Amino acid sequence: MASHSSPSSNTDKSTASTISVAAQKTGFGWRSWATVLLVLILGALVFKSLHALLADVHYRSIVHAVRHTPLNNLLLAVLATAVSYLSLAGYDVSSLRYVGAKVSRTTIGLTSFIAYALGNTVGLGVLTGGTVRMRLYTASGVEASQVAQAIAFNASAFGLGMSTFGALGLLWGAPQIEALAHIPSWLLRGLATLLLLGVAGFITLCKLRRKVLLFGRWNLRLPETGLALRQLLISAVDLSAAAATLWFLLPSGVIDLPTFVAFYAIAMALGVISHVPGGVGVFEAVILLACANHAPTSDIAAALLLYRSIYFLLPLLLATILLAAIEMRAGAGAPVARAAVRLSPWLLTALTLVTGTMLLVSGVTPATRHAEELLRLHVPLFVVEASHLIGSVAGLAMLFLARGLLHRLDAAWWASLVLTIIAGILALPKGIAVNEFIVLFLLASLLVISRKQFDRRSSLFSQTFEPGWLIAVACVLAACGWILLFAYRDIDFADRMWWQFAFDDYAPRSMRTLMVVAIIALGLGLWQLFRRSTGVAERPGEEELQRAAEVLRKQPSADACLALMGDKSLLFSASGNSFIMFAKHNRSWVALSDPVGEQQEWSELIWRFIELADGYGGRAAFYKVRPQSLPLYLDAGLRVYKLGEEAYVPLDQFSLQGPRRANLRHGVNRAEREGLSFEMLAPEQLPPLMAALKIVSDAWLADQDTREKGFSLGGFDEAYILRQPVAVIRREQKIIAFASLMCPDVLRVEAAIDLMRQLPDAPPGTMDFLFSKLMLHFKEQGFQRFGLGMAPMSGMKDHQLGSRWQRFGRILFMHGGRFYNFRGLRNFKDKFDPVWEARYLVSKGGLAPIFTFTDTAALISGGLKGAVSK
């Protein structure tokens, strides 16, 4: 077996993979450096603004304000948060009604709560509300395209509601905003009036028309008037309740609620535009500016801290507890319940990130005076020092371990559990941090309850972190540095402070802790930076192909036999009973179809393949994925893009008898009258006929003015042809057409044509004759269905809320005949009255599917030149 040197390899070395990678150090690309620079600039501006706004505020005054917030205000804030999250479910109800999907209210409530709890708090990578909706709504039977439209409707409705609500707030509080922003109140009210008139015009249009034509090309189906008005009401309730959550936490009489709502809408909008998770820093800066002249800044800062805890962290914790309760409940076997439980690693990832950040912040801030007195009496100084240091290092480790939890790694679960328990024990000697202890105890309990979800055995050191993850960790450490300077702003820092050890010397202790944490983080970051490489995957040898052939015989998918082409690398499972076939072009690592073999091993193989691509700075994708396996890819945080539809004929229903098959029956009879004969040849019968088959193949290629294909299509390679049966059509003993066949013979579920060629002078209808005879043959052999292959771009929906991908595919299918015979191919297969089943490209979002699609076309055609020509 070829060697395997992937940084993402499984710990089981015996059958880990068949690929060999030539590592070439490349580091980050220019896009990664540009992202780092942009984040640093934005972060510096936010920190600078906050530093100026908090110039006269002391850390202990904020802590005092937090501790003395009236209990009634806290309860009102919790109640307002509950109202807001309940109203957020209304977005999902409206969007599902708009796309015509029926989902139970329980499922909608569960999905909405988890999606907003996760997306609002973290909003990184796969940890988004859209991915949660796709996962749970598809599990409840909604089509993926409908879910995508519902997500787009949600975003549009939220934007419209925020604009309307902000405009009303501007009309009410224009004088106050004029004093803050130095924009004339008449101009603010004019802009608000225009916005409201636009909304009124939209509502009127919804009443008068059902559709409008956008840009002369796309029909936008408008919602019913009642639905549009209800959506505005939902937005009003949601934003009012969310703003009220913070308003209840502010000192009384600071600002009236309608005016505050206007500032809240502005702060929310800027936070979203900044793309900072949760708008942290940006949102706070706007609120501080809005309220700075009406109350002590320390009280406003305290209210913002409590608001983050109540509106963001509390729902995340409750959502995680909810999933744990579902997992513990006996009989939670419904599809939606199972899908929800599979989301628990995502929420635990988010909660671990929050907890790690909490530990780091706790390590650079002083304890209360009461805690200091207790520690002085009962705890040795070296224990206090060690607790601070170990707790902060544990917090940093949790930021890195969170990625392993996201990937369901067994080792990440164990490490997180151990560190959580250690940090929880040390929370008391560190500073009598009772709240910190409670959070850590809850996290440990939730990890234990969700143990079964972390079943992937892999090494923590095999992980490769994306630039975005490293940037996020760097931002957390930078924020901790700023908090340290803010908390000890009255202290004159000097070199001798590094070596001061006393119970009340919190500044030196925090400095030492942050320095150790920063050094460890820098070391990990540099290690990740310099271990990144690109890889060149080698083709499998004869031994690997023989192993693959054994797996292929015992599984149902016919097109999996393309692994025997030998042009794709093979990634085997640890047991060797399953594998993924893939190829690499540029940065795209493209797996063909779903994993092959035992289905219980598919999830692990998918994760390993993604990690393998990530480990070399590539983008993982899966080409021609079947609908039944989509949840596995959604669990891995990938996105779905429809490629077209594949046709197959149920053989138990196929016959040449009856009026529906009259054309086929007449074609077969005519071919037999013209002297055509059909014959099936086993692989051992083929060697003497290879020359004749080669003549037919070369003549067909020359007539079509094309070249041999690969990857997802078979090519005329003698070793490959000799591995499988071949059907031939003869006339006067001369072979005039042939087809190589893919037919796993143990389960006998599916058979399909692979390579099909004919001489240019073959009689018309030769291929119809060949297809018909093959289907009758495999029906007699007991196969269940016969695959006719895929019709690319077929079945795309022309919907105004559909993705650009779907609209582009529809246009290409309708008008791209000069490049590829999309419609003709569909029409040819329709004559056999097949069942059509969707096929998907699964990849990361953004521009990744475009690059992946281009690279896949190059793999199929032997390069980009072949893709744009023939």
# chains A, B, ... in the order shown; residues from 1 in each chain; ligands from 1
$ residues_around --residues "Leu227 (chain A)" --least-positions-apart "3" --cutoff "9 Å" --atoms "only C-alpha atoms" --output "list in words"
Ser94, Arg97, Tyr98, Pro223, Glu224, Arg230, Gln231 and Leu232 of chain A
$ write_last_selection --atoms "all heavy atoms" --output "JSON list (two decimals), in the first residue's frame"
[["chain", "number", "residue", "atom", "x", "y", "z"],
["A", 94, "SER", "N", -43.76, 32.40, 9.05],
["A", 94, "SER", "CA", -44.10, 33.15, 7.84],
["A", 94, "SER", "C", -43.34, 32.65, 6.63],
["A", 94, "SER", "O", -43.91, 32.50, 5.53],
["A", 94, "SER", "CB", -43.81, 34.64, 8.05],
["A", 94, "SER", "OG", -44.59, 35.17, 9.10],
["A", 97, "ARG", "N", -44.67, 29.30, 5.44],
["A", 97, "ARG", "CA", -45.97, 29.50, 4.79],
["A", 97, "ARG", "C", -45.78, 30.08, 3.40],
["A", 97, "ARG", "O", -46.47, 29.69, 2.45],
["A", 97, "ARG", "CB", -46.83, 30.42, 5.64],
["A", 97, "ARG", "CG", -48.18, 30.73, 5.01],
["A", 97, "ARG", "CD", -49.02, 31.66, 5.88],
["A", 97, "ARG", "NE", -50.24, 32.07, 5.21],
["A", 97, "ARG", "CZ", -51.11, 32.92, 5.70],
["A", 97, "ARG", "NH1", -50.90, 33.46, 6.91],
["A", 97, "ARG", "NH2", -52.20, 33.24, 5.03],
["A", 98, "TYR", "N", -44.83, 30.97, 3.25],
["A", 98, "TYR", "CA", -44.57, 31.60, 1.95],
["A", 98, "TYR", "C", -44.13, 30.58, 0.91],
["A", 98, "TYR", "O", -44.55, 30.63, -0.25],
["A", 98, "TYR", "CB", -43.50, 32.69, 2.12],
["A", 98, "TYR", "CG", -43.02, 33.29, 0.83],
["A", 98, "TYR", "CD1", -43.81, 34.20, 0.13],
["A", 98, "TYR", "CD2", -41.78, 32.95, 0.30],
["A", 98, "TYR", "CE1", -43.37, 34.75, -1.06],
["A", 98, "TYR", "CE2", -41.34, 33.50, -0.90],
["A", 98, "TYR", "CZ", -42.14, 34.41, -1.57],
["A", 98, "TYR", "OH", -41.70, 34.94, -2.75],
["A", 223, "PRO", "N", -45.45, 38.20, -1.33],
["A", 223, "PRO", "CA", -46.30, 37.57, -0.31],
["A", 223, "PRO", "C", -47.68, 38.20, -0.29],
["A", 223, "PRO", "O", -47.89, 39.31, -0.78],
["A", 223, "PRO", "CB", -45.54, 37.86, 0.99],
["A", 223, "PRO", "CG", -44.76, 39.11, 0.71],
["A", 223, "PRO", "CD", -44.38, 39.03, -0.75],
["A", 224, "GLU", "N", -48.63, 37.47, 0.26],
["A", 224, "GLU", "CA", -49.96, 38.04, 0.42],
["A", 224, "GLU", "C", -49.89, 39.24, 1.36],
["A", 224, "GLU", "O", -49.02, 39.34, 2.21],
["A", 224, "GLU", "CB", -50.90, 36.98, 0.99],
["A", 224, "GLU", "CG", -51.07, 35.76, 0.11],
["A", 224, "GLU", "CD", -51.90, 34.68, 0.80],
["A", 224, "GLU", "OE1", -52.29, 34.91, 1.96],
["A", 224, "GLU", "OE2", -52.13, 33.64, 0.17],
["A", 230, "ARG", "N", -48.31, 40.89, 8.67],
["A", 230, "ARG", "CA", -48.00, 40.09, 9.86],
["A", 230, "ARG", "C", -46.49, 40.03, 10.09],
["A", 230, "ARG", "O", -46.03, 40.06, 11.23],
["A", 230, "ARG", "CB", -48.56, 38.68, 9.70],
["A", 230, "ARG", "CG", -48.42, 37.85, 10.98],
["A", 230, "ARG", "CD", -49.09, 36.51, 10.85],
["A", 230, "ARG", "NE", -48.36, 35.62, 9.97],
["A", 230, "ARG", "CZ", -48.70, 34.35, 9.75],
["A", 230, "ARG", "NH1", -49.77, 33.84, 10.36],
["A", 230, "ARG", "NH2", -48.01, 33.60, 8.94],
["A", 231, "GLN", "N", -45.72, 39.99, 9.00],
["A", 231, "GLN", "CA", -44.28, 39.95, 9.14],
["A", 231, "GLN", "C", -43.76, 41.24, 9.75],
["A", 231, "GLN", "O", -42.83, 41.23, 10.58],
["A", 231, "GLN", "CB", -43.63, 39.71, 7.77],
["A", 231, "GLN", "CG", -42.17, 39.34, 7.85],
["A", 231, "GLN", "CD", -41.95, 38.08, 8.66],
["A", 231, "GLN", "OE1", -42.64, 37.09, 8.50],
["A", 231, "GLN", "NE2", -40.99, 38.12, 9.57],
["A", 232, "LEU", "N", -44.34, 42.37, 9.35],
["A", 232, "LEU", "CA", -43.94, 43.65, 9.95],
["A", 232, "LEU", "C", -44.29, 43.69, 11.43],
["A", 232, "LEU", "O", -43.54, 44.23, 12.25],
["A", 232, "LEU", "CB", -44.62, 44.81, 9.21],
["A", 232, "LEU", "CG", -44.08, 45.12, 7.82],
["A", 232, "LEU", "CD1", -44.88, 46.25, 7.19],
["A", 232, "LEU", "CD2", -42.60, 45.50, 7.89]]
$ residues_around --residues "region 636-650 of chain A" --least-positions-apart "6" --cutoff "6 Å" --atoms "only C-alpha atoms" --output "list in words"
Val126, Arg785, Phe786, Gly787, Leu788, Gly789, Met790, Ala791, Pro792, Met793, Ser794, Pro834, Val835, Trp836, Glu837, Ala838, Arg839, Tyr840, Leu841, Val842, Ser843 and Lys844 of chain A
$ write_last_selection --atoms "N, CA, C and O atoms" --output "PDB file, in the first residue's frame"
ATOM      1  N   VAL A 126     -19.730  27.214  10.179  1.00  0.00           N
ATOM      2  CA  VAL A 126     -20.943  26.404  10.093  1.00  0.00           C
ATOM      3  C   VAL A 126     -21.905  26.695  11.231  1.00  0.00           C
ATOM      4  O   VAL A 126     -23.047  26.220  11.205  1.00  0.00           O
ATOM      5  N   ARG A 785     -33.087  -1.899 -10.512  1.00  0.00           N
ATOM      6  CA  ARG A 785     -33.219  -0.712 -11.356  1.00  0.00           C
ATOM      7  C   ARG A 785     -32.015  -0.587 -12.268  1.00  0.00           C
ATOM      8  O   ARG A 785     -30.956  -1.173 -12.018  1.00  0.00           O
ATOM      9  N   PHE A 786     -32.212   0.227 -13.315  1.00  0.00           N
ATOM     10  CA  PHE A 786     -31.175   0.418 -14.318  1.00  0.00           C
ATOM     11  C   PHE A 786     -30.905   1.914 -14.447  1.00  0.00           C
ATOM     12  O   PHE A 786     -31.806   2.702 -14.729  1.00  0.00           O
ATOM     13  N   GLY A 787     -29.658   2.319 -14.216  1.00  0.00           N
ATOM     14  CA  GLY A 787     -29.296   3.734 -14.246  1.00  0.00           C
ATOM     15  C   GLY A 787     -28.987   4.211 -15.649  1.00  0.00           C
ATOM     16  O   GLY A 787     -28.240   3.579 -16.398  1.00  0.00           O
ATOM     17  N   LEU A 788     -29.576   5.353 -16.010  1.00  0.00           N
ATOM     18  CA  LEU A 788     -29.347   5.952 -17.327  1.00  0.00           C
ATOM     19  C   LEU A 788     -28.388   7.133 -17.272  1.00  0.00           C
ATOM     20  O   LEU A 788     -28.124   7.751 -18.297  1.00  0.00           O
ATOM     21  N   GLY A 789     -27.892   7.462 -16.096  1.00  0.00           N
ATOM     22  CA  GLY A 789     -26.956   8.578 -15.987  1.00  0.00           C
ATOM     23  C   GLY A 789     -27.649   9.890 -15.693  1.00  0.00           C
ATOM     24  O   GLY A 789     -28.877   9.992 -15.605  1.00  0.00           O
ATOM     25  N   MET A 790     -26.857  10.935 -15.535  1.00  0.00           N
ATOM     26  CA  MET A 790     -27.354  12.233 -15.100  1.00  0.00           C
ATOM     27  C   MET A 790     -27.615  13.166 -16.277  1.00  0.00           C
ATOM     28  O   MET A 790     -26.899  13.131 -17.288  1.00  0.00           O
ATOM     29  N   ALA A 791     -28.633  13.988 -16.132  1.00  0.00           N
ATOM     30  CA  ALA A 791     -28.892  15.098 -17.055  1.00  0.00           C
ATOM     31  C   ALA A 791     -28.477  16.378 -16.326  1.00  0.00           C
ATOM     32  O   ALA A 791     -29.206  16.863 -15.459  1.00  0.00           O
ATOM     33  N   PRO A 792     -27.289  16.933 -16.633  1.00  0.00           N
ATOM     34  CA  PRO A 792     -26.810  18.109 -15.893  1.00  0.00           C
ATOM     35  C   PRO A 792     -27.760  19.294 -16.005  1.00  0.00           C
ATOM     36  O   PRO A 792     -28.394  19.519 -17.038  1.00  0.00           O
ATOM     37  N   MET A 793     -27.866  20.057 -14.940  1.00  0.00           N
ATOM     38  CA  MET A 793     -28.660  21.272 -14.838  1.00  0.00           C
ATOM     39  C   MET A 793     -30.157  21.029 -15.009  1.00  0.00           C
ATOM     40  O   MET A 793     -30.936  21.969 -15.120  1.00  0.00           O
ATOM     41  N   SER A 794     -30.561  19.758 -15.014  1.00  0.00           N
ATOM     42  CA  SER A 794     -31.971  19.436 -15.155  1.00  0.00           C
ATOM     43  C   SER A 794     -32.685  19.590 -13.825  1.00  0.00           C
ATOM     44  O   SER A 794     -32.134  19.292 -12.770  1.00  0.00           O
ATOM     45  N   PRO A 834     -38.234   7.166 -17.183  1.00  0.00           N
ATOM     46  CA  PRO A 834     -37.501   6.869 -15.945  1.00  0.00           C
ATOM     47  C   PRO A 834     -38.032   7.649 -14.758  1.00  0.00           C
ATOM     48  O   PRO A 834     -38.860   8.559 -14.888  1.00  0.00           O
ATOM     49  N   VAL A 835     -37.543   7.306 -13.594  1.00  0.00           N
ATOM     50  CA  VAL A 835     -37.715   8.107 -12.382  1.00  0.00           C
ATOM     51  C   VAL A 835     -36.499   9.021 -12.270  1.00  0.00           C
ATOM     52  O   VAL A 835     -35.361   8.579 -12.452  1.00  0.00           O
ATOM     53  N   TRP A 836     -36.729  10.295 -11.969  1.00  0.00           N
ATOM     54  CA  TRP A 836     -35.638  11.270 -11.883  1.00  0.00           C
ATOM     55  C   TRP A 836     -35.332  11.564 -10.422  1.00  0.00           C
ATOM     56  O   TRP A 836     -36.250  11.795  -9.625  1.00  0.00           O
ATOM     57  N   GLU A 837     -34.071  11.550 -10.076  1.00  0.00           N
ATOM     58  CA  GLU A 837     -33.630  11.787  -8.692  1.00  0.00           C
ATOM     59  C   GLU A 837     -32.524  12.839  -8.709  1.00  0.00           C
ATOM     60  O   GLU A 837     -31.606  12.770  -9.525  1.00  0.00           O
ATOM     61  N   ALA A 838     -32.614  13.812  -7.805  1.00  0.00           N
ATOM     62  CA  ALA A 838     -31.667  14.935  -7.799  1.00  0.00           C
ATOM     63  C   ALA A 838     -30.266  14.472  -7.417  1.00  0.00           C
ATOM     64  O   ALA A 838     -30.083  13.514  -6.658  1.00  0.00           O
ATOM     65  N   ARG A 839     -29.276  15.162  -7.956  1.00  0.00           N
ATOM     66  CA  ARG A 839     -27.877  14.975  -7.575  1.00  0.00           C
ATOM     67  C   ARG A 839     -27.309  16.343  -7.213  1.00  0.00           C
ATOM     68  O   ARG A 839     -27.664  17.360  -7.820  1.00  0.00           O
ATOM     69  N   TYR A 840     -26.409  16.357  -6.231  1.00  0.00           N
ATOM     70  CA  TYR A 840     -25.951  17.611  -5.652  1.00  0.00           C
ATOM     71  C   TYR A 840     -24.429  17.711  -5.617  1.00  0.00           C
ATOM     72  O   TYR A 840     -23.716  16.709  -5.548  1.00  0.00           O
ATOM     73  N   LEU A 841     -23.979  18.943  -5.671  1.00  0.00           N
ATOM     74  CA  LEU A 841     -22.602  19.276  -5.308  1.00  0.00           C
ATOM     75  C   LEU A 841     -22.642  19.787  -3.878  1.00  0.00           C
ATOM     76  O   LEU A 841     -23.450  20.658  -3.552  1.00  0.00           O
ATOM     77  N   VAL A 842     -21.805  19.238  -3.024  1.00  0.00           N
ATOM     78  CA  VAL A 842     -21.762  19.652  -1.620  1.00  0.00           C
ATOM     79  C   VAL A 842     -20.385  20.226  -1.348  1.00  0.00           C
ATOM     80  O   VAL A 842     -19.362  19.570  -1.577  1.00  0.00           O
ATOM     81  N   SER A 843     -20.343  21.472  -0.893  1.00  0.00           N
ATOM     82  CA  SER A 843     -19.064  22.135  -0.632  1.00  0.00           C
ATOM     83  C   SER A 843     -19.275  23.222   0.394  1.00  0.00           C
ATOM     84  O   SER A 843     -20.386  23.415   0.894  1.00  0.00           O
ATOM     85  N   LYS A 844     -18.226  23.946   0.686  1.00  0.00           N
ATOM     86  CA  LYS A 844     -18.357  25.116   1.540  1.00  0.00           C
ATOM     87  C   LYS A 844     -19.044  26.232   0.757  1.00  0.00           C
ATOM     88  O   LYS A 844     -19.200  26.147  -0.459  1.00  0.00           O
TER      89      LYS A 844
END
$ residues_around --residues "region 675-689 of chain A" --least-positions-apart "3" --cutoff "6 Å" --atoms "only C-alpha atoms" --output "short mmCIF file (atom, residue, chain, number, x, y, z; two decimals) with C-alpha atoms, in the first residue's frame"
data_model
loop_
_atom_site.label_atom_id
_atom_site.label_comp_id
_atom_site.auth_asym_id
_atom_site.auth_seq_id
_atom_site.Cartn_x
_atom_site.Cartn_y
_atom_site.Cartn_z
CA ALA A 671 -33.25 -3.46 -35.30
CA GLU A 672 -33.67 -7.24 -35.24
CA ALA A 692 -12.43 -4.55 -32.33
CA LEU A 722 -11.35 -5.81 -18.66
CA GLN A 724 -16.33 -5.44 -15.96
CA PRO A 725 -18.89 -7.01 -18.35
CA VAL A 726 -19.41 -5.52 -21.80
CA ALA A 727 -22.52 -5.65 -23.98
CA VAL A 728 -21.95 -5.66 -27.74
CA ILE A 729 -24.20 -5.14 -30.76
CA ARG A 730 -23.24 -7.06 -33.89
CA ARG A 731 -24.35 -6.93 -37.47
#
$ residues_around --residues "Ile255 (chain A)" --least-positions-apart "2" --cutoff "8 Å" --atoms "only C-alpha atoms" --output "ChimeraX atom specification"
/A:253,257,259-260,291,294
$ residues_around --residues "region 301-303 of chain A" --least-positions-apart "2" --cutoff "7 Å" --atoms "only C-alpha atoms" --output "list in words"
Ile62, Ala65, Val66, Leu246, Leu249, Leu250, Thr297, Ser298, Asp299, Leu305, Leu306 and Tyr307 of chain A
$ residues_around --residues "region 69-80 of chain A" --least-positions-apart "3" --cutoff "12 Å" --atoms "only C-alpha atoms" --output "PyMOL selection string"
chain A and resi 62-66+83-87+237-252+299-300+302-315
$ write_last_selection --atoms "C-alpha atoms" --output "PDB file, in the first residue's frame"
ATOM      1  CA  ILE A  62     -18.665  48.460  36.431  1.00  0.00           C
ATOM      2  CA  VAL A  63     -18.531  45.396  38.704  1.00  0.00           C
ATOM      3  CA  HIS A  64     -20.350  47.359  41.408  1.00  0.00           C
ATOM      4  CA  ALA A  65     -23.062  48.415  38.936  1.00  0.00           C
ATOM      5  CA  VAL A  66     -23.522  44.816  37.754  1.00  0.00           C
ATOM      6  CA  VAL A  83     -40.789  37.487  24.144  1.00  0.00           C
ATOM      7  CA  SER A  84     -38.135  38.304  21.551  1.00  0.00           C
ATOM      8  CA  TYR A  85     -37.175  34.666  20.946  1.00  0.00           C
ATOM      9  CA  LEU A  86     -40.837  33.641  20.773  1.00  0.00           C
ATOM     10  CA  SER A  87     -41.466  36.324  18.173  1.00  0.00           C
ATOM     11  CA  VAL A 237     -42.456  42.774  18.450  1.00  0.00           C
ATOM     12  CA  ASP A 238     -39.030  41.162  18.025  1.00  0.00           C
ATOM     13  CA  LEU A 239     -37.016  44.384  17.846  1.00  0.00           C
ATOM     14  CA  SER A 240     -39.087  46.055  20.588  1.00  0.00           C
ATOM     15  CA  ALA A 241     -38.560  43.123  22.937  1.00  0.00           C
ATOM     16  CA  ALA A 242     -34.837  42.852  22.114  1.00  0.00           C
ATOM     17  CA  ALA A 243     -34.363  46.575  22.686  1.00  0.00           C
ATOM     18  CA  ALA A 244     -36.437  46.386  25.870  1.00  0.00           C
ATOM     19  CA  THR A 245     -34.091  43.685  27.193  1.00  0.00           C
ATOM     20  CA  LEU A 246     -31.245  46.185  27.245  1.00  0.00           C
ATOM     21  CA  TRP A 247     -33.465  49.151  28.160  1.00  0.00           C
ATOM     22  CA  PHE A 248     -34.667  47.405  31.351  1.00  0.00           C
ATOM     23  CA  LEU A 249     -31.031  46.963  32.414  1.00  0.00           C
ATOM     24  CA  LEU A 250     -30.180  50.655  32.017  1.00  0.00           C
ATOM     25  CA  PRO A 251     -30.644  53.077  34.919  1.00  0.00           C
ATOM     26  CA  SER A 252     -34.176  54.401  35.016  1.00  0.00           C
ATOM     27  CA  ASP A 299     -23.801  51.893  34.567  1.00  0.00           C
ATOM     28  CA  ILE A 300     -24.285  51.710  30.801  1.00  0.00           C
ATOM     29  CA  ALA A 302     -22.700  47.180  33.202  1.00  0.00           C
ATOM     30  CA  ALA A 303     -26.059  47.052  31.427  1.00  0.00           C
ATOM     31  CA  LEU A 304     -24.334  46.002  28.193  1.00  0.00           C
ATOM     32  CA  LEU A 305     -22.493  43.165  29.970  1.00  0.00           C
ATOM     33  CA  LEU A 306     -25.731  41.912  31.521  1.00  0.00           C
ATOM     34  CA  TYR A 307     -27.503  42.251  28.162  1.00  0.00           C
ATOM     35  CA  ARG A 308     -24.891  40.045  26.486  1.00  0.00           C
ATOM     36  CA  SER A 309     -25.300  37.460  29.225  1.00  0.00           C
ATOM     37  CA  ILE A 310     -29.101  37.428  29.215  1.00  0.00           C
ATOM     38  CA  TYR A 311     -29.934  37.856  25.519  1.00  0.00           C
ATOM     39  CA  PHE A 312     -27.068  35.834  24.009  1.00  0.00           C
ATOM     40  CA  LEU A 313     -25.447  33.448  26.492  1.00  0.00           C
ATOM     41  CA  LEU A 314     -28.541  32.399  28.439  1.00  0.00           C
ATOM     42  CA  PRO A 315     -30.425  31.181  25.309  1.00  0.00           C
TER      43      PRO A 315
END
$ atom_distance --atom1 "CA of Gly141 (chain A)" --atom2 "CA of Pro627 (chain A)"
11.7 Å
$ select_by_dssp --residues "region 606-662 of chain A" --states "helix (DSSP H, G or I)" --output "PyMOL selection string"
chain A and resi 606-615+627-635+651-653+659-662
$ atom_distance --atom1 "CA of Phe851 (chain A)" --atom2 "CA of Ala613 (chain A)"
14.6 Å
$ select_by_dssp --residues "region 58-299 of chain A" --states "strand (DSSP E or B)" --output "PDB file with C-alpha atoms, in the first residue's frame"
ATOM      1  CA  LYS A 211     -45.686  38.838  -9.094  1.00  0.00           C
ATOM      2  CA  VAL A 212     -43.311  41.522 -10.327  1.00  0.00           C
ATOM      3  CA  LEU A 213     -40.568  41.265 -12.941  1.00  0.00           C
ATOM      4  CA  LEU A 214     -37.108  42.160 -11.636  1.00  0.00           C
ATOM      5  CA  TRP A 218     -36.811  37.169 -12.791  1.00  0.00           C
ATOM      6  CA  ASN A 219     -40.338  36.922 -11.500  1.00  0.00           C
ATOM      7  CA  LEU A 220     -40.595  37.839  -7.838  1.00  0.00           C
ATOM      8  CA  ARG A 221     -43.574  36.214  -6.177  1.00  0.00           C
TER       9      ARG A 221
END
$ atom_distance --atom1 "CA of Val448 (chain A)" --atom2 "CA of Leu417 (chain A)"
7.9 Å
$ closest_residue --among "A:Thr856, A:Ser344, A:Ser510, A:Ser740" --to "Leu318 (chain A)" --atoms "only C-alpha atoms"
A:Ser344
$ closest_atom_pairs --of "region 233-351 of chain A" --to "region 433-446 of chain A" --cutoff "9 Å" --atoms "only C-alpha atoms" --output "Markdown table"
| residue | atom | partner | partner_atom | distance |
| --- | --- | --- | --- | --- |
| A:Leu317 | CA | A:Leu442 | CA | 8.7 |
| A:Thr320 | CA | A:Leu446 | CA | 7.5 |
| A:Ile321 | CA | A:Leu446 | CA | 7.0 |
| A:Ala324 | CA | A:Leu446 | CA | 6.5 |
| A:Leu348 | CA | A:Leu446 | CA | 7.8 |
| A:Leu351 | CA | A:Leu443 | CA | 7.5 |
$ closest_residue --among "A:Ile183, A:Ala858, A:Ser593, A:Arg670" --to "Tyr633 (chain A)" --atoms "only C-alpha atoms"
A:Ser593
